$ cat model_26.pdb   # PDB, C-alpha atoms, pLDDT in the B column
MODEL        1
ATOM      1  CA  MET A   1     177.360 -34.275 -24.903  1.00 56.00           C
ATOM      2  CA  ASP A   2     175.058 -31.935 -26.835  1.00 60.00           C
ATOM      3  CA  VAL A   3     172.457 -29.575 -25.306  1.00 56.00           C
ATOM      4  CA  GLU A   4     169.601 -32.108 -25.416  1.00 66.00           C
ATOM      5  CA  ASP A   5     171.739 -34.779 -23.765  1.00 62.00           C
ATOM      6  CA  GLY A   6     172.733 -32.297 -21.081  1.00 56.00           C
ATOM      7  CA  ILE A   7     169.120 -31.375 -20.328  1.00 66.00           C
ATOM      8  CA  SER A   8     168.156 -35.044 -20.211  1.00 69.00           C
ATOM      9  CA  TRP A   9     171.051 -35.762 -17.833  1.00 63.00           C
ATOM     10  CA  LEU A  10     169.940 -32.972 -15.501  1.00 64.00           C
ATOM     11  CA  LYS A  11     166.320 -34.169 -15.503  1.00 69.00           C
ATOM     12  CA  ASN A  12     167.283 -37.758 -14.768  1.00 70.00           C
ATOM     13  CA  GLY A  13     169.618 -36.709 -12.011  1.00 62.00           C
ATOM     14  CA  ILE A  14     166.993 -34.525 -10.331  1.00 72.00           C
ATOM     15  CA  GLN A  15     164.236 -37.127 -10.706  1.00 70.00           C
ATOM     16  CA  SER A  16     166.468 -39.848  -9.270  1.00 73.00           C
ATOM     17  CA  GLY A  17     166.865 -37.865  -6.082  1.00 68.00           C
ATOM     18  CA  ASP A  18     170.528 -38.859  -5.878  1.00 70.00           C
ATOM     19  CA  PRO A  19     171.815 -36.807  -2.917  1.00 71.00           C
ATOM     20  CA  VAL A  20     175.346 -36.615  -4.370  1.00 65.00           C
ATOM     21  CA  PHE A  21     174.023 -35.278  -7.679  1.00 59.00           C
ATOM     22  CA  ILE A  22     171.780 -32.742  -5.904  1.00 70.00           C
ATOM     23  CA  ALA A  23     174.673 -31.571  -3.721  1.00 64.00           C
ATOM     24  CA  VAL A  24     176.981 -31.088  -6.713  1.00 65.00           C
ATOM     25  CA  LEU A  25     174.265 -29.257  -8.663  1.00 59.00           C
ATOM     26  CA  LEU A  26     173.526 -26.915  -5.744  1.00 68.00           C
ATOM     27  CA  SER A  27     177.233 -26.197  -5.307  1.00 65.00           C
ATOM     28  CA  LEU A  28     177.516 -25.250  -8.965  1.00 65.00           C
ATOM     29  CA  VAL A  29     174.450 -22.971  -8.808  1.00 55.00           C
ATOM     30  CA  ILE A  30     175.674 -21.267  -5.630  1.00 61.00           C
ATOM     31  CA  GLY A  31     179.127 -20.779  -7.164  1.00 52.00           C
ATOM     32  CA  VAL A  32     177.707 -19.125 -10.291  1.00 47.00           C
ATOM     33  CA  LEU A  33     175.376 -16.888  -8.273  1.00 44.00           C
ATOM     34  CA  THR A  34     178.211 -15.868  -5.958  1.00 43.00           C
ATOM     35  CA  LEU A  35     180.421 -14.985  -8.909  1.00 45.00           C
ATOM     36  CA  LEU A  36     177.641 -12.898 -10.491  1.00 42.00           C
ATOM     37  CA  TYR A  37     177.028 -11.156  -7.176  1.00 40.00           C
ATOM     38  CA  PHE A  38     180.654 -10.093  -6.826  1.00 46.00           C
ATOM     39  CA  ILE A  39     180.867  -8.936 -10.445  1.00 43.00           C
ATOM     40  CA  THR A  40     177.635  -6.923 -10.449  1.00 42.00           C
ATOM     41  CA  GLY A  41     178.063  -5.825  -6.838  1.00 45.00           C
ATOM     42  CA  SER A  42     181.497  -4.371  -7.504  1.00 48.00           C
ATOM     43  CA  GLU A  43     180.200  -2.589 -10.584  1.00 51.00           C
ATOM     44  CA  SER A  44     177.227  -1.071  -8.753  1.00 56.00           C
ATOM     45  CA  LYS A  45     179.423   0.211  -5.923  1.00 77.00           C
ATOM     46  CA  ARG A  46     181.590   2.185  -8.334  1.00 85.00           C
ATOM     47  CA  ARG A  47     179.298   5.168  -8.898  1.00 94.00           C
ATOM     48  CA  GLY A  48     181.937   7.891  -8.728  1.00 97.00           C
ATOM     49  CA  VAL A  49     183.356  10.035 -11.506  1.00 98.00           C
ATOM     50  CA  LEU A  50     186.670  11.679 -10.681  1.00 98.00           C
ATOM     51  CA  LEU A  51     187.417  15.150 -12.076  1.00 98.00           C
ATOM     52  CA  VAL A  52     191.205  15.433 -12.224  1.00 98.00           C
ATOM     53  CA  GLY A  53     193.743  17.747 -13.801  1.00 97.00           C
ATOM     54  CA  LEU A  54     196.226  20.492 -13.034  1.00 97.00           C
ATOM     55  CA  CYS A  55     195.428  23.671 -11.122  1.00 94.00           C
ATOM     56  CA  ASP A  56     193.590  26.302 -13.211  1.00 93.00           C
ATOM     57  CA  SER A  57     192.403  23.762 -15.788  1.00 95.00           C
ATOM     58  CA  GLY A  58     188.796  24.645 -14.933  1.00 93.00           C
ATOM     59  CA  LYS A  59     187.878  21.488 -13.007  1.00 95.00           C
ATOM     60  CA  THR A  60     185.984  23.179 -10.190  1.00 94.00           C
ATOM     61  CA  LEU A  61     183.940  25.398 -12.503  1.00 93.00           C
ATOM     62  CA  LEU A  62     183.135  22.368 -14.644  1.00 95.00           C
ATOM     63  CA  PHE A  63     182.101  20.568 -11.457  1.00 95.00           C
ATOM     64  CA  SER A  64     179.773  23.445 -10.519  1.00 93.00           C
ATOM     65  CA  GLN A  65     178.207  23.533 -13.972  1.00 93.00           C
ATOM     66  CA  MET A  66     177.676  19.771 -13.966  1.00 93.00           C
ATOM     67  CA  VAL A  67     176.289  19.478 -10.447  1.00 93.00           C
ATOM     68  CA  ASN A  68     174.650  22.859  -9.796  1.00 89.00           C
ATOM     69  CA  GLY A  69     174.178  24.225 -13.303  1.00 87.00           C
ATOM     70  CA  LYS A  70     175.654  27.632 -12.484  1.00 82.00           C
ATOM     71  CA  TYR A  71     178.800  29.736 -12.659  1.00 78.00           C
ATOM     72  CA  VAL A  72     180.825  30.306  -9.516  1.00 78.00           C
ATOM     73  CA  GLU A  73     184.060  32.126  -8.792  1.00 76.00           C
ATOM     74  CA  THR A  74     186.703  29.502  -8.069  1.00 74.00           C
ATOM     75  CA  GLN A  75     190.141  29.321  -6.535  1.00 70.00           C
ATOM     76  CA  THR A  76     192.775  26.614  -6.222  1.00 75.00           C
ATOM     77  CA  SER A  77     191.178  23.744  -4.307  1.00 74.00           C
ATOM     78  CA  ILE A  78     192.916  22.286  -1.263  1.00 84.00           C
ATOM     79  CA  LYS A  79     190.271  19.616  -0.708  1.00 89.00           C
ATOM     80  CA  GLU A  80     187.794  17.653  -2.763  1.00 94.00           C
ATOM     81  CA  ASN A  81     184.342  18.836  -3.861  1.00 94.00           C
ATOM     82  CA  VAL A  82     181.620  16.189  -3.968  1.00 95.00           C
ATOM     83  CA  GLY A  83     178.153  16.343  -5.534  1.00 96.00           C
ATOM     84  CA  GLU A  84     175.488  14.213  -7.226  1.00 95.00           C
ATOM     85  CA  LYS A  85     174.638  14.259 -10.910  1.00 95.00           C
ATOM     86  CA  ASP A  86     171.279  12.805 -11.943  1.00 92.00           C
ATOM     87  CA  ILE A  87     171.363  10.782 -15.140  1.00 90.00           C
ATOM     88  CA  LYS A  88     168.086  10.243 -17.000  1.00 85.00           C
ATOM     89  CA  GLN A  89     166.734   6.681 -16.686  1.00 82.00           C
ATOM     90  CA  LYS A  90     169.887   5.639 -14.808  1.00 85.00           C
ATOM     91  CA  ALA A  91     171.238   5.784 -11.276  1.00 86.00           C
ATOM     92  CA  SER A  92     172.881   9.060 -10.254  1.00 93.00           C
ATOM     93  CA  LEU A  93     176.643   9.488 -10.271  1.00 97.00           C
ATOM     94  CA  LYS A  94     178.804  10.975  -7.538  1.00 97.00           C
ATOM     95  CA  ILE A  95     181.029  13.647  -9.059  1.00 97.00           C
ATOM     96  CA  VAL A  96     184.294  14.206  -7.159  1.00 97.00           C
ATOM     97  CA  ASP A  97     186.473  17.202  -8.024  1.00 97.00           C
ATOM     98  CA  LEU A  98     190.001  16.399  -6.795  1.00 97.00           C
ATOM     99  CA  PRO A  99     192.618  19.074  -5.999  1.00 96.00           C
ATOM    100  CA  GLY A 100     195.090  19.675  -8.807  1.00 94.00           C
ATOM    101  CA  HIS A 101     198.022  20.812  -6.696  1.00 94.00           C
ATOM    102  CA  GLU A 102     201.007  18.512  -7.108  1.00 92.00           C
ATOM    103  CA  ARG A 103     201.295  17.887  -3.368  1.00 92.00           C
ATOM    104  CA  LEU A 104     197.628  16.926  -3.027  1.00 94.00           C
ATOM    105  CA  ARG A 105     196.488  15.336  -6.271  1.00 95.00           C
ATOM    106  CA  TYR A 106     197.806  11.798  -5.697  1.00 96.00           C
ATOM    107  CA  LYS A 107     196.749  11.674  -2.047  1.00 95.00           C
ATOM    108  CA  TYR A 108     193.117  12.402  -2.872  1.00 96.00           C
ATOM    109  CA  PHE A 109     193.240  10.164  -5.923  1.00 97.00           C
ATOM    110  CA  GLU A 110     194.278   7.231  -3.730  1.00 97.00           C
ATOM    111  CA  ASP A 111     191.338   7.968  -1.432  1.00 96.00           C
ATOM    112  CA  TYR A 112     188.736   7.874  -4.204  1.00 97.00           C
ATOM    113  CA  LYS A 113     190.059   5.674  -7.009  1.00 97.00           C
ATOM    114  CA  LYS A 114     188.301   2.484  -5.874  1.00 97.00           C
ATOM    115  CA  MET A 115     184.889   4.127  -6.355  1.00 97.00           C
ATOM    116  CA  ALA A 116     185.708   5.450  -9.835  1.00 98.00           C
ATOM    117  CA  ARG A 117     183.320   4.444 -12.573  1.00 98.00           C
ATOM    118  CA  GLY A 118     185.028   6.938 -14.868  1.00 98.00           C
ATOM    119  CA  VAL A 119     187.731   9.589 -14.878  1.00 98.00           C
ATOM    120  CA  VAL A 120     187.433  13.016 -16.501  1.00 98.00           C
ATOM    121  CA  PHE A 121     190.894  14.491 -17.035  1.00 98.00           C
ATOM    122  CA  VAL A 122     190.472  18.244 -17.599  1.00 98.00           C
ATOM    123  CA  ILE A 123     193.083  20.183 -19.571  1.00 98.00           C
ATOM    124  CA  ASP A 124     193.398  23.868 -20.454  1.00 97.00           C
ATOM    125  CA  SER A 125     193.123  24.038 -24.247  1.00 97.00           C
ATOM    126  CA  PHE A 126     194.911  27.398 -24.321  1.00 95.00           C
ATOM    127  CA  THR A 127     197.933  26.768 -22.049  1.00 95.00           C
ATOM    128  CA  LEU A 128     198.562  23.036 -22.521  1.00 96.00           C
ATOM    129  CA  GLN A 129     201.845  23.505 -24.360  1.00 95.00           C
ATOM    130  CA  LYS A 130     203.311  25.417 -21.390  1.00 96.00           C
ATOM    131  CA  GLU A 131     202.492  22.647 -18.899  1.00 96.00           C
ATOM    132  CA  ILE A 132     202.395  19.609 -21.152  1.00 97.00           C
ATOM    133  CA  LYS A 133     205.184  17.759 -19.331  1.00 97.00           C
ATOM    134  CA  ASP A 134     203.285  17.870 -16.031  1.00 97.00           C
ATOM    135  CA  VAL A 135     199.973  17.005 -17.713  1.00 98.00           C
ATOM    136  CA  ALA A 136     201.448  14.010 -19.559  1.00 97.00           C
ATOM    137  CA  GLY A 137     203.181  12.684 -16.466  1.00 96.00           C
ATOM    138  CA  TYR A 138     199.998  12.931 -14.407  1.00 97.00           C
ATOM    139  CA  LEU A 139     197.825  11.344 -17.080  1.00 98.00           C
ATOM    140  CA  TYR A 140     200.336   8.528 -17.645  1.00 97.00           C
ATOM    141  CA  ALA A 141     200.374   7.775 -13.917  1.00 96.00           C
ATOM    142  CA  LEU A 142     196.581   7.537 -13.746  1.00 97.00           C
ATOM    143  CA  LEU A 143     196.308   5.380 -16.857  1.00 97.00           C
ATOM    144  CA  SER A 144     198.941   3.084 -15.327  1.00 96.00           C
ATOM    145  CA  ASP A 145     197.124   2.695 -12.003  1.00 97.00           C
ATOM    146  CA  GLU A 146     196.492  -0.963 -11.214  1.00 96.00           C
ATOM    147  CA  VAL A 147     193.034  -0.442  -9.685  1.00 97.00           C
ATOM    148  CA  LEU A 148     191.759   1.575 -12.650  1.00 97.00           C
ATOM    149  CA  ARG A 149     193.255  -0.876 -15.130  1.00 97.00           C
ATOM    150  CA  ASN A 150     191.738  -3.884 -13.367  1.00 96.00           C
ATOM    151  CA  ASN A 151     188.331  -2.168 -13.383  1.00 96.00           C
ATOM    152  CA  LYS A 152     188.788  -1.086 -17.024  1.00 97.00           C
ATOM    153  CA  THR A 153     187.825   2.419 -15.948  1.00 98.00           C
ATOM    154  CA  PRO A 154     187.107   4.663 -18.979  1.00 98.00           C
ATOM    155  CA  PHE A 155     188.821   8.041 -19.326  1.00 98.00           C
ATOM    156  CA  LEU A 156     187.561  11.255 -20.879  1.00 98.00           C
ATOM    157  CA  VAL A 157     190.078  13.983 -21.675  1.00 98.00           C
ATOM    158  CA  ALA A 158     188.006  17.169 -21.534  1.00 98.00           C
ATOM    159  CA  CYS A 159     189.686  19.894 -23.586  1.00 98.00           C
ATOM    160  CA  ASN A 160     188.311  22.792 -21.574  1.00 97.00           C
ATOM    161  CA  LYS A 161     188.268  26.574 -22.190  1.00 95.00           C
ATOM    162  CA  GLN A 162     187.350  26.226 -25.846  1.00 96.00           C
ATOM    163  CA  ASP A 163     185.758  29.663 -25.518  1.00 93.00           C
ATOM    164  CA  HIS A 164     189.257  31.185 -25.685  1.00 92.00           C
ATOM    165  CA  THR A 165     189.991  32.486 -29.177  1.00 92.00           C
ATOM    166  CA  LEU A 166     193.454  30.870 -29.216  1.00 94.00           C
ATOM    167  CA  ALA A 167     192.393  27.511 -27.806  1.00 96.00           C
ATOM    168  CA  LYS A 168     193.587  24.429 -29.693  1.00 97.00           C
ATOM    169  CA  GLY A 169     191.141  21.800 -30.923  1.00 97.00           C
ATOM    170  CA  SER A 170     190.937  18.314 -29.427  1.00 98.00           C
ATOM    171  CA  SER A 171     192.727  16.624 -32.351  1.00 98.00           C
ATOM    172  CA  VAL A 172     195.727  18.962 -32.028  1.00 98.00           C
ATOM    173  CA  LEU A 173     195.813  18.570 -28.245  1.00 98.00           C
ATOM    174  CA  ARG A 174     195.576  14.799 -28.538  1.00 98.00           C
ATOM    175  CA  SER A 175     198.535  14.731 -30.935  1.00 98.00           C
ATOM    176  CA  GLN A 176     200.618  16.966 -28.648  1.00 98.00           C
ATOM    177  CA  LEU A 177     199.827  14.797 -25.646  1.00 98.00           C
ATOM    178  CA  GLU A 178     200.665  11.574 -27.487  1.00 98.00           C
ATOM    179  CA  LYS A 179     204.116  12.919 -28.365  1.00 98.00           C
ATOM    180  CA  GLU A 180     204.765  13.930 -24.761  1.00 97.00           C
ATOM    181  CA  MET A 181     203.350  10.663 -23.392  1.00 97.00           C
ATOM    182  CA  ASN A 182     205.799   8.844 -25.636  1.00 96.00           C
ATOM    183  CA  LEU A 183     208.660  10.757 -23.985  1.00 95.00           C
ATOM    184  CA  VAL A 184     207.295   9.876 -20.542  1.00 95.00           C
ATOM    185  CA  ARG A 185     207.176   6.225 -21.511  1.00 94.00           C
ATOM    186  CA  VAL A 186     210.704   6.242 -22.937  1.00 92.00           C
ATOM    187  CA  THR A 187     212.253   7.914 -19.887  1.00 89.00           C
ATOM    188  CA  GLN A 188     210.698   5.398 -17.511  1.00 81.00           C
ATOM    189  CA  SER A 189     212.836   2.312 -17.058  1.00 53.00           C
ATOM    190  CA  ALA A 190     211.378  -1.196 -16.833  1.00 48.00           C
ATOM    191  CA  THR A 191     211.510  -1.007 -13.066  1.00 47.00           C
ATOM    192  CA  LEU A 192     211.597   1.618 -10.339  1.00 54.00           C
ATOM    193  CA  GLU A 193     213.724   1.439  -7.248  1.00 49.00           C
ATOM    194  CA  GLY A 194     211.312   1.618  -4.291  1.00 49.00           C
ATOM    195  CA  THR A 195     212.041   3.354  -1.032  1.00 45.00           C
ATOM    196  CA  ASP A 196     212.359  -0.040   0.646  1.00 50.00           C
ATOM    197  CA  ASN A 197     214.879  -1.229  -1.965  1.00 48.00           C
ATOM    198  CA  THR A 198     212.299  -3.436  -3.675  1.00 44.00           C
ATOM    199  CA  ARG A 199     211.725  -3.435  -7.417  1.00 46.00           C
ATOM    200  CA  GLN A 200     208.384  -2.134  -8.614  1.00 53.00           C
ATOM    201  CA  LYS A 201     207.111  -2.856 -12.085  1.00 63.00           C
ATOM    202  CA  VAL A 202     206.324   0.068 -14.402  1.00 75.00           C
ATOM    203  CA  VAL A 203     203.327  -0.353 -16.699  1.00 88.00           C
ATOM    204  CA  PHE A 204     204.158   0.030 -20.388  1.00 91.00           C
ATOM    205  CA  LEU A 205     201.229   1.786 -22.028  1.00 95.00           C
ATOM    206  CA  GLY A 206     200.636   1.260 -25.722  1.00 94.00           C
ATOM    207  CA  THR A 207     202.370  -1.046 -28.193  1.00 94.00           C
ATOM    208  CA  GLN A 208     206.018  -2.085 -28.010  1.00 91.00           C
ATOM    209  CA  GLY A 209     208.082  -0.697 -30.899  1.00 92.00           C
ATOM    210  CA  LYS A 210     205.457   1.906 -31.789  1.00 95.00           C
ATOM    211  CA  GLN A 211     204.992   5.583 -30.932  1.00 96.00           C
ATOM    212  CA  PHE A 212     202.526   6.119 -28.118  1.00 97.00           C
ATOM    213  CA  SER A 213     198.890   6.373 -29.149  1.00 98.00           C
ATOM    214  CA  PHE A 214     195.840   6.569 -26.912  1.00 98.00           C
ATOM    215  CA  SER A 215     194.088   4.111 -29.216  1.00 97.00           C
ATOM    216  CA  ASP A 216     196.712   1.491 -28.289  1.00 97.00           C
ATOM    217  CA  VAL A 217     196.136   1.746 -24.531  1.00 96.00           C
ATOM    218  CA  THR A 218     194.684  -1.569 -23.381  1.00 93.00           C
ATOM    219  CA  ARG A 219     192.163  -2.327 -20.623  1.00 93.00           C
ATOM    220  CA  THR A 220     190.649   1.132 -20.806  1.00 95.00           C
ATOM    221  CA  ARG A 221     189.194   3.547 -23.334  1.00 97.00           C
ATOM    222  CA  VAL A 222     190.359   7.130 -23.694  1.00 98.00           C
ATOM    223  CA  ASP A 223     188.052   9.633 -25.410  1.00 98.00           C
ATOM    224  CA  PHE A 224     188.603  13.319 -26.175  1.00 98.00           C
ATOM    225  CA  VAL A 225     185.968  16.058 -26.242  1.00 98.00           C
ATOM    226  CA  GLU A 226     185.941  19.853 -26.463  1.00 98.00           C
ATOM    227  CA  CYS A 227     184.089  21.829 -23.811  1.00 97.00           C
ATOM    228  CA  SER A 228     183.785  25.193 -22.117  1.00 95.00           C
ATOM    229  CA  ALA A 229     182.472  25.940 -18.634  1.00 89.00           C
ATOM    230  CA  LYS A 230     182.380  29.709 -19.219  1.00 78.00           C
ATOM    231  CA  ASP A 231     183.027  32.350 -21.863  1.00 55.00           C
ATOM    232  CA  GLU A 232     185.884  34.851 -22.019  1.00 50.00           C
ATOM    233  CA  LYS A 233     183.867  37.355 -19.953  1.00 54.00           C
ATOM    234  CA  GLY A 234     183.549  34.863 -17.113  1.00 51.00           C
ATOM    235  CA  THR A 235     179.824  34.259 -17.601  1.00 55.00           C
ATOM    236  CA  CYS A 236     177.766  31.228 -18.572  1.00 52.00           C
ATOM    237  CA  ASP A 237     176.507  32.662 -21.854  1.00 59.00           C
ATOM    238  CA  THR A 238     178.422  30.197 -24.018  1.00 64.00           C
ATOM    239  CA  VAL A 239     178.723  27.203 -21.709  1.00 82.00           C
ATOM    240  CA  ASP A 240     179.159  23.989 -23.667  1.00 93.00           C
ATOM    241  CA  ILE A 241     179.490  20.858 -21.558  1.00 95.00           C
ATOM    242  CA  ASP A 242     176.888  18.696 -23.295  1.00 95.00           C
ATOM    243  CA  CYS A 243     179.574  16.336 -24.622  1.00 96.00           C
ATOM    244  CA  VAL A 244     180.759  15.691 -21.067  1.00 97.00           C
ATOM    245  CA  ILE A 245     177.200  15.041 -19.870  1.00 96.00           C
ATOM    246  CA  ASP A 246     176.627  12.674 -22.809  1.00 96.00           C
ATOM    247  CA  TRP A 247     179.759  10.734 -21.849  1.00 97.00           C
ATOM    248  CA  LEU A 248     178.541  10.452 -18.254  1.00 97.00           C
ATOM    249  CA  ALA A 249     175.249   9.022 -19.514  1.00 96.00           C
ATOM    250  CA  LYS A 250     177.135   6.375 -21.507  1.00 95.00           C
ATOM    251  CA  ILE A 251     179.116   5.093 -18.544  1.00 96.00           C
ATOM    252  CA  ALA A 252     176.370   5.464 -15.883  1.00 92.00           C
TER     253      ALA A 252
ENDMDL
END
$ encode --input "model_26.pdb" --output "structure tokens"
Amino acid sequence: MDVEDGISWLKNGIQSGDPVFIAVLLSLVIGVLTLLYFITGSESKRRGVLLVGLCDSGKTLLFSQMVNGKYVETQTSIKENVGEKDIKQKASLKIVDLPGHERLRYKYFEDYKKMARGVVFVIDSFTLQKEIKDVAGYLYALLSDEVLRNNKTPFLVACNKQDHTLAKGSSVLRSQLEKEMNLVRVTQSATLEGTDNTRQKVVFLGTQGKQFSFSDVTRTRVDFVECSAKDEKGTCDTVDIDCVIDWLAKIA
């Protein structure tokens, strides 16, 4: 049946007033509308952007610059910070700065992950090499999360503190992280023994038989940018977070 035949069939069925035909047609229309409602409704409810990363990566200062447009003295967060970010010609986004402490980060992530429209993973461009094992393990865990993968939540790795004279560029940091992520992937077995003696599947990120690469991660996109929420003197004179704001506008 081609398109014209299909249209003719619909017209004849409607004109005939056949109650069975009308009932089937209405059921199909309602089914399609319901499906569209759940798809678009779920998308519209996810208006949050999660700022994650280790302690001292500059998350909270980046949050303040994004939401309030000003420099503030920060300290290690023990709870989340929440604010709104207006996006031109689009609905606003809720920015959530999650604590970076190892004992708190996953708890707060679980609380907010279902609302995530995007994730900004903030790293310290100057000290990454010293803490790369912890960074890679954390990032791998988030990229493996079932909720984020099902929602195809995009990731932005924000290479912060580019104002530091010895900071590494995003391409170097990406390469270092890929090597460490490969080690994380290798050391994880196909399954994990759960606390209740059940077997839990471990997500394999990337391509089998190939070194880990962010470009091979499926069901999500991982971008890298360079940014700075303050200069070396602790002021806002050389703030550069436009690339982060541009990314927010793309996913809003």
$ atom_distance --input "model_26.pdb" --atom1 "CA of Val120 in chain A" --atom2 "CA of Ile245 in chain A"
11.0 Å
$ resolve_selection --input "model_26.pdb" --expression "the PyMOL selection byres ((chain A and resi 118) around 12)" --output "VMD selection string"
chain A and resid 43 46 to 52 93 to 96 112 to 117 119 to 121 142 to 143 148 to 149 151 to 157 220 to 223 244 247 to 252
$ resolve_selection --input "model_26.pdb" --expression "the PyMOL selection byres ((chain A and resi 105) around 10)" --output "ChimeraX atom specification"
/A:52-55,78-80,98-104,106-110,138
$ closest_atom_pairs --input "model_26.pdb" --of "range 59-105 of chain A" --to "range 160-177 of chain A" --cutoff "12 Å" --atoms "only C-alpha atoms" --output "tab-separated table"
residue	atom	partner	partner_atom	distance
A:Lys59	CA	A:Asn160	CA	8.7
A:Thr60	CA	A:Asn160	CA	11.6
A:Leu61	CA	A:Asn160	CA	10.4
A:Leu62	CA	A:Asn160	CA	8.7
$ atom_distance --input "model_26.pdb" --atom1 "CA of Leu205 in chain A" --atom2 "CA of Val135 in chain A"
15.9 Å
$ closest_residue --input "model_26.pdb" --among "A:Asp111, A:Asp97, A:Asp18, A:Asp124" --to "Phe63 in chain A" --atoms "only C-alpha atoms"
A:Asp97
